[in-house]
Structures are given as C-alpha cells and as structure tokens.
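Below is one structure, written out as structure tokens; the observations come after it.
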2 protein chains.
Amino acid sequence: MTKLRAATKSAVDNENHDPADCRAVGQVLDRIGDKWTVMVIDTLSKGPMRFNAVMHIIGGVSHRMLTVTLRGLERDGLVTRTAYPTIPPKVEYELTELGRSLIRPLKALSTWALSNRPAIEAARVRFDKEEGKKRT
Amino acid sequence: MTKLRAATKSAVDNENHDPADCRAVGQVLDRIGDKWTVMVIDTLSKGPMRFNAVMHIIGGVSHRMLTVTLRGLERDGLVTRTAYPTIPPKVEYELTELGRSLIRPLKALSTWALSNRPAIEAARVRFDKEEGKKRT
DNA sequence: CCGCATCCGCCACGATACTG
DNA sequence: CAGTATCGTGGCGGATGCGG
C-alpha cells in the first residue's frame with residue numbers, strides 16, 4: 001500500500017472523474033494495504049483471541065508491528081480491545097461488526113487472487129523473457 | 001500497501017493456518033496496494049486511453065510513477081500497451097480481460113468503503129478524543 | 001508524446017531493550 | 001504477557017533532465 005498516506009492526497013482531492021469509486025478504494029487501501037492488517041483480520045475472523053495467539057498464528061510478525069496494526073484497527077473501529085488487569089495481563093482482541101463486514105469484500109479479492117494468480121505468474125514470466133531478449 | 005514486498009515473505013511462507021485466504025490476499029495487495037494502481041485500473045475501465053489522458057484524468061500522479069505503474073500492470077498481464085511508432089509517438093493502454101475481471105472485486109471494496117467510511121471516520125474521531133483525555 | 005535514469009526525502013517495517 | 005521508546009534500514013514515490 002503502500003503509500004497514499006496523508007501527504008499527497010491534496011492533488012487527488014481536486015479530481016472528480018469518478019471520485020466515489022477511486023477515492024473510496026484508495027481510502028480502504030490506505031487502511032488495509034499495509035503489511036499485516038489483512039492477516040490480522042483474517043486471523044481474528046475465527047473468533048476473539050489474545051495478543052500472543054494472534055502473533056503465533058500469523059507467524060513472522062514482530063511484537064511491535066502487531067501492536068501498531070492492532071491499534072490502527074482499534075482506532076478505526078474494526079476491532080475491540082479488552083484488557084483484563086490481571087497478573088500477568090491478558091488482552092483479547094475481537095472483530096467488531098464493522099470489522100466482520102469487511103471479510104466479505106476481502107473474500108472477493110482472495111477468490112480473484114486464487115483464480116488468477118497462475119495467469120499473472122505466466123504473464124510475468126512471459127514479459128520478463130521478452131525483456132531478456134531485448135537486452136541481448 | 002504499501003509494503004509487504006518480497007523482502008519478508010519468508011516468514012509468512014512457513015505458515016498455514018489458512019494459507020489460501022491470507023496469502024492470496026497478500027499477493028493481491030502487493031500488486032494493487034501501491035499508490036496508483038487502483039486509480040489507473042479504474043481510469044482504464046472506461047476504455048483504452050493514451051498515456052497523457054490517463055495522467056490528466058488521475059491528476060496528481062507524476063510522469064514517472066504512471067510509467068512505472070503501467071509497466072507493472074503490463075508485466076502482470078492486466079493491461080496491454082500498444083505503441084504507434086508515429087511522430088510524435090502515441091501509446092494506448094487498455095485493460096485486458098484479466099484486468100477487467102479485477103474490477104468486480106474492486107467494486108466490492110469500493111462499495112464497502114463508501115458505506116462504512118462514515119463509521120470509520122466516527123470511530124477514529126472518538127478514539128483520538130479518548131487519547132487526548134489520557135494525556136491530560 | 002512517451003520512456004528511462006538519477007538523485008533524494010520520507011515513512012513503513014524490524015530489532016532491541018525496558019516498563020508494569 | 002502486553003505495550004512503548006528508540007534506532008537503523010530498505011525501498012517507494014516525487015522532481016528533474018535526457019533520449020527517441
């Protein structure tokens with residue numbers, strides 16, 4: 001998602017060929033286009049879960065990035081954070097209704113990806129081969 | 001998106017709680033999660049178009065980034081590039097069948113975004129207000 | 001008109017260490 | 001067990017200039 005971010009939105013704001021569509025998608029991508037958000041949502045879609053559980057299931061996410069990602073999702077009302085002030089602490093995360101509603105469009109994307117990855121892969125290989133020929 | 005990128009996929013590859021879903025989505029986000037890809041697709045969804053036309057319609061995209069984005073899409077077989085070797089040059093871009101098939105799931109996302117942005121915005125404001133209180 | 005190379009600023013991400 | 005702070009790095013994205 002890399003990076004629409006707040007920095008450059010000015011130019012985009014002034015444009016309206018079909019603002020509803022492209023800007024809306026842009027917004028979502030800003031949100032879920034980062035490295036871990038989608039994985040967290042997918043993981044939490046199976047039910048409420050503790051911090052470490054999420055971390056272990058995803059695997060490969062750093063402690064810090066998981067915290068940051070979860071805070072972001074909490075901020076946008078996509079997950080709830082419930083802290084039990086016990087010793088040791090126990091924190092549970094759960095998708096909100098809003099968060100769960102995102103699963104469906106995400107599934108659509110995932111379905112598309114699964115069906116078309118071979119085609120993309122093929123196109124990519126073909127393209128790179130052409131590139132190779134040009135250089136020789 | 002902005003940045004899953006190839007760099008870190010190693011850790012993710014070893015994990016399979018529901019690999020089909022999350023990895024597939026991850027792949028797509030790697031592709032379309034950057035700053036301009038979705039906008040380009042949306043723009044081209046209206047029909048074949050010349051480079052400058054796309055640039056003008058999107059507005060705010062640098063010459064270089066549009067080139068890069070289009071090359072990426074071409075590489076993955078999502079758009080075709082047709083150059084007419086006239087003077088001055090004229091290049092037309094058009095979505096392939098594969099590219100057009102991506103519009104549907106994108107629409108799903110855009111629909112979700114449009115319906116829920118108010119909710120997200122509200123949650124965000126609420127969350128930030130709480131943050132403010134804590135700091136005081 | 002379009003593509004490509006170079007230079008550079010900036011931010012997402014990761015590793016580590018410390019607190020409660 | 002969970003969160004925060006700090007620091008370092010890679011690579012995206014913008015500006016500009018040349019080539020065809």
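Lettering and numbering for the structure tokens are positional, with chains as A, B, ... in the shown order, residues counted from 1 in each chain, and ligands counted from 1 in the shown order.
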*Write down as a ChimeraX atom specification the residues of stretch 5-120 of chain B whose backbone DSSP state falls under alpha helix (DSSP H).*
/B:9-13,19-32,37-44,51-58,63-75,97-101,103-120
*For chain C, list the residues within 10 Å of chain B, counting only C-alpha atoms (C1' of nucleotides), and write the list as an NGL selection string.*
:C and (1-4 or 12-13)
Selection file, all heavy atoms, as a CSV table (one decimal), in the first residue's frame:
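Produced file selection-v6.csv, reproduced below:
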```csv
chain,number,residue,atom,x,y,z
C,1,DC,P,2.2,16.7,-26.2
C,1,DC,OP1,0.9,16.3,-25.6
C,1,DC,OP2,3.2,17.3,-25.4
C,1,DC,O5',2.7,15.3,-26.9
C,1,DC,C5',1.8,14.5,-27.6
C,1,DC,C4',2.3,13.1,-27.5
C,1,DC,O4',3.7,13.0,-27.8
C,1,DC,C3',2.2,12.5,-26.1
C,1,DC,O3',1.7,11.1,-26.2
C,1,DC,C2',3.6,12.5,-25.5
C,1,DC,C1',4.4,12.4,-26.8
C,1,DC,N1,5.7,13.2,-26.7
C,1,DC,C2,6.9,12.6,-26.9
C,1,DC,O2,6.9,11.4,-27.2
C,1,DC,N3,8.1,13.3,-26.8
C,1,DC,C4,8.0,14.6,-26.4
C,1,DC,N4,9.2,15.2,-26.3
C,1,DC,C5,6.8,15.2,-26.2
C,1,DC,C6,5.6,14.5,-26.3
C,2,DC,P,1.2,10.3,-24.9
C,2,DC,OP1,0.2,9.4,-25.3
C,2,DC,OP2,1.0,11.3,-23.8
C,2,DC,O5',2.6,9.5,-24.5
C,2,DC,C5',3.0,8.5,-25.4
C,2,DC,C4',4.4,8.1,-25.0
C,2,DC,O4',5.3,9.2,-25.0
C,2,DC,C3',4.6,7.5,-23.6
C,2,DC,O3',4.9,6.1,-23.7
C,2,DC,C2',5.8,8.3,-23.0
C,2,DC,C1',6.4,8.9,-24.2
C,2,DC,N1,7.1,10.2,-23.9
C,2,DC,C2,8.5,10.3,-24.1
C,2,DC,O2,9.1,9.3,-24.4
C,2,DC,N3,9.1,11.4,-23.8
C,2,DC,C4,8.4,12.5,-23.4
C,2,DC,N4,9.1,13.6,-23.2
C,2,DC,C5,7.0,12.5,-23.3
C,2,DC,C6,6.4,11.3,-23.5
C,3,DG,P,5.1,5.2,-22.4
C,3,DG,OP1,4.8,3.8,-22.7
C,3,DG,OP2,4.5,5.9,-21.3
C,3,DG,O5',6.7,5.3,-22.3
C,3,DG,C5',7.5,4.6,-23.3
C,3,DG,C4',9.0,4.6,-22.9
C,3,DG,O4',9.4,6.0,-22.8
C,3,DG,C3',9.2,4.0,-21.5
C,3,DG,O3',10.3,3.1,-21.7
C,3,DG,C2',9.6,5.2,-20.6
C,3,DG,C1',10.2,6.2,-21.6
C,3,DG,N9,10.1,7.6,-21.3
C,3,DG,C8,8.9,8.2,-20.9
C,3,DG,N7,9.1,9.5,-20.7
C,3,DG,C5,10.4,9.7,-20.8
C,3,DG,C6,11.2,10.9,-20.7
C,3,DG,O6,10.8,12.0,-20.4
C,3,DG,N1,12.5,10.6,-21.0
C,3,DG,C2,13.1,9.4,-21.3
C,3,DG,N2,14.4,9.4,-21.6
C,3,DG,N3,12.3,8.3,-21.5
C,3,DG,C4,11.0,8.5,-21.2
C,4,DC,P,10.8,2.2,-20.5
C,4,DC,OP1,11.3,0.9,-21.1
C,4,DC,OP2,9.8,2.2,-19.4
C,4,DC,O5',12.1,3.0,-20.0
C,4,DC,C5',13.1,3.4,-20.9
C,4,DC,C4',14.2,4.2,-20.2
C,4,DC,O4',13.8,5.5,-20.0
C,4,DC,C3',14.5,3.6,-18.8
C,4,DC,O3',15.9,3.5,-18.7
C,4,DC,C2',14.0,4.6,-17.8
C,4,DC,C1',14.1,5.9,-18.7
C,4,DC,N1,13.1,7.0,-18.3
C,4,DC,C2,13.6,8.3,-18.1
C,4,DC,O2,14.8,8.5,-18.3
C,4,DC,N3,12.7,9.3,-17.7
C,4,DC,C4,11.5,9.0,-17.6
C,4,DC,N4,10.6,10.0,-17.2
C,4,DC,C5,10.9,7.6,-17.8
C,4,DC,C6,11.8,6.7,-18.1
C,12,DA,P,4.0,5.4,7.3
C,12,DA,OP1,2.7,5.8,6.7
C,12,DA,OP2,4.2,5.8,8.7
C,12,DA,O5',4.2,3.8,7.1
C,12,DA,C5',4.1,3.3,5.8
C,12,DA,C4',4.8,2.0,5.7
C,12,DA,O4',6.2,2.3,5.9
C,12,DA,C3',4.5,1.0,6.7
C,12,DA,O3',4.4,-0.3,6.1
C,12,DA,C2',5.6,1.1,7.8
C,12,DA,C1',6.8,1.5,6.9
C,12,DA,N9,7.8,2.4,7.6
C,12,DA,C8,7.5,3.5,8.4
C,12,DA,N7,8.6,4.1,8.8
C,12,DA,C5,9.6,3.3,8.3
C,12,DA,C6,11.0,3.4,8.5
C,12,DA,N6,11.6,4.3,9.2
C,12,DA,N1,11.8,2.5,7.8
C,12,DA,C2,11.2,1.5,7.1
C,12,DA,N3,9.9,1.3,6.9
C,12,DA,C4,9.1,2.3,7.6
C,13,DC,P,3.9,-1.5,6.9
C,13,DC,OP1,3.4,-2.4,5.9
C,13,DC,OP2,3.0,-1.0,8.0
C,13,DC,O5',5.2,-2.1,7.5
C,13,DC,C5',6.3,-2.6,6.6
C,13,DC,C4',7.5,-2.9,7.4
C,13,DC,O4',8.1,-1.6,7.9
C,13,DC,C3',7.4,-3.8,8.6
C,13,DC,O3',7.9,-5.0,8.3
C,13,DC,C2',8.1,-3.0,9.7
C,13,DC,C1',8.9,-2.0,9.0
C,13,DC,N1,9.3,-0.8,9.7
C,13,DC,C2,10.6,-0.4,9.9
C,13,DC,O2,11.5,-1.1,9.4
C,13,DC,N3,10.9,0.7,10.6
C,13,DC,C4,10.0,1.4,11.1
C,13,DC,N4,10.3,2.5,11.8
C,13,DC,C5,8.6,1.1,11.0
C,13,DC,C6,8.3,0.0,10.3
```
*Atom-to-atom span, atom CA of A:Arg31 and atom CA of A:Gly72, Å*: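 Going from atom CA of A:Arg31 over to atom CA of A:Gly72 covers 8.4 Å.
Counting only C-alpha atoms (C1' of nucleotides), A:Leu109 has the following residues at most 12 Å away, ignoring those fewer than 6 positions along the same chain: A:Val38, A:Leu102, A:Ile103, A:Ser115, A:Asn116, A:Arg117, B:Ala20, B:Asp21, B:Cys22, B:Arg23, B:Ala24, B:Val25, B:Gly26, B:Gln27, B:Val28, B:Leu29, B:Arg31, B:Ile32, B:Ser101, B:Leu102, B:Ile103, B:Arg104, B:Pro105, B:Leu106, B:Lys107, B:Ala108, B:Leu109, B:Ser110.
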*Would you kindly report the residues of chain D within 12 Å of chain A, using only C-alpha atoms (C1' of nucleotides), as a list in words?*
DC1, DA2, DG3, DT4, DA5, DG11, DC12, DG13 and DG14 of chain D
Restricting the output to N, CA, C and O atoms (P, O5', C5', C4', C3', O3' and C1' of nucleotides), write the selected residues as a compact mmCIF listing (two decimals), in the first residue's frame.
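So the final result, stored in out-v1.txt, reads:
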```txt
# COMPACT_ATOMS: atom_id res chain seq x y z
P DC D 1 3.81 -15.75 27.96
O5' DC D 1 2.97 -14.42 28.31
C5' DC D 1 1.67 -14.65 28.80
C4' DC D 1 0.94 -13.33 28.75
C3' DC D 1 0.97 -12.67 27.38
O3' DC D 1 -0.32 -12.10 27.15
C1' DC D 1 2.02 -11.24 28.98
P DA D 2 -0.78 -11.61 25.71
O5' DA D 2 -0.48 -10.04 25.77
C5' DA D 2 -1.24 -9.25 26.67
C4' DA D 2 -0.67 -7.84 26.74
C3' DA D 2 -0.51 -7.13 25.40
O3' DA D 2 -1.31 -5.95 25.47
C1' DA D 2 1.41 -6.87 26.76
P DG D 3 -1.34 -4.94 24.12
O5' DG D 3 -0.27 -3.83 24.52
C5' DG D 3 -0.54 -3.05 25.68
C4' DG D 3 0.57 -2.03 25.87
C3' DG D 3 0.82 -1.15 24.65
O3' DG D 3 0.75 0.20 25.09
C1' DG D 3 2.85 -2.07 25.45
P DT D 4 0.88 1.40 24.01
O5' DT D 4 2.36 1.96 24.26
C5' DT D 4 2.85 2.09 25.60
C4' DT D 4 4.30 2.54 25.56
C3' DT D 4 4.63 3.49 24.41
O3' DT D 4 5.27 4.63 24.98
C1' DT D 4 6.17 1.69 24.48
P DA D 5 5.79 5.83 24.05
O5' DA D 5 7.35 5.52 23.93
C5' DA D 5 8.09 5.15 25.10
C4' DA D 5 9.58 5.21 24.79
C3' DA D 5 9.95 6.22 23.70
O3' DA D 5 11.18 6.85 24.08
C1' DA D 5 10.57 4.01 23.02
P DG D 11 15.10 -3.37 -0.61
O5' DG D 11 13.89 -2.44 -1.06
C5' DG D 11 12.68 -2.47 -0.34
C4' DG D 11 11.88 -1.22 -0.64
C3' DG D 11 11.85 -0.86 -2.13
O3' DG D 11 10.56 -0.40 -2.42
C1' DG D 11 12.57 0.97 -0.90
P DC D 12 9.88 -0.60 -3.84
O5' DC D 12 8.62 0.36 -3.75
C5' DC D 12 7.82 0.35 -2.57
C4' DC D 12 7.37 1.77 -2.26
C3' DC D 12 6.78 2.50 -3.46
O3' DC D 12 5.57 3.13 -3.05
C1' DC D 12 8.53 3.78 -2.52
P DG D 13 4.48 3.56 -4.17
O5' DG D 13 4.78 5.12 -4.34
C5' DG D 13 4.78 5.95 -3.20
C4' DG D 13 5.48 7.25 -3.51
C3' DG D 13 5.10 7.89 -4.85
O3' DG D 13 4.78 9.24 -4.61
C1' DG D 13 7.42 7.81 -4.64
P DG D 14 4.11 10.14 -5.77
O5' DG D 14 5.15 11.35 -5.92
C5' DG D 14 5.38 12.21 -4.79
C4' DG D 14 6.51 13.16 -5.12
C3' DG D 14 6.34 13.89 -6.46
O3' DG D 14 6.54 15.28 -6.27
C1' DG D 14 8.46 12.82 -6.36
```
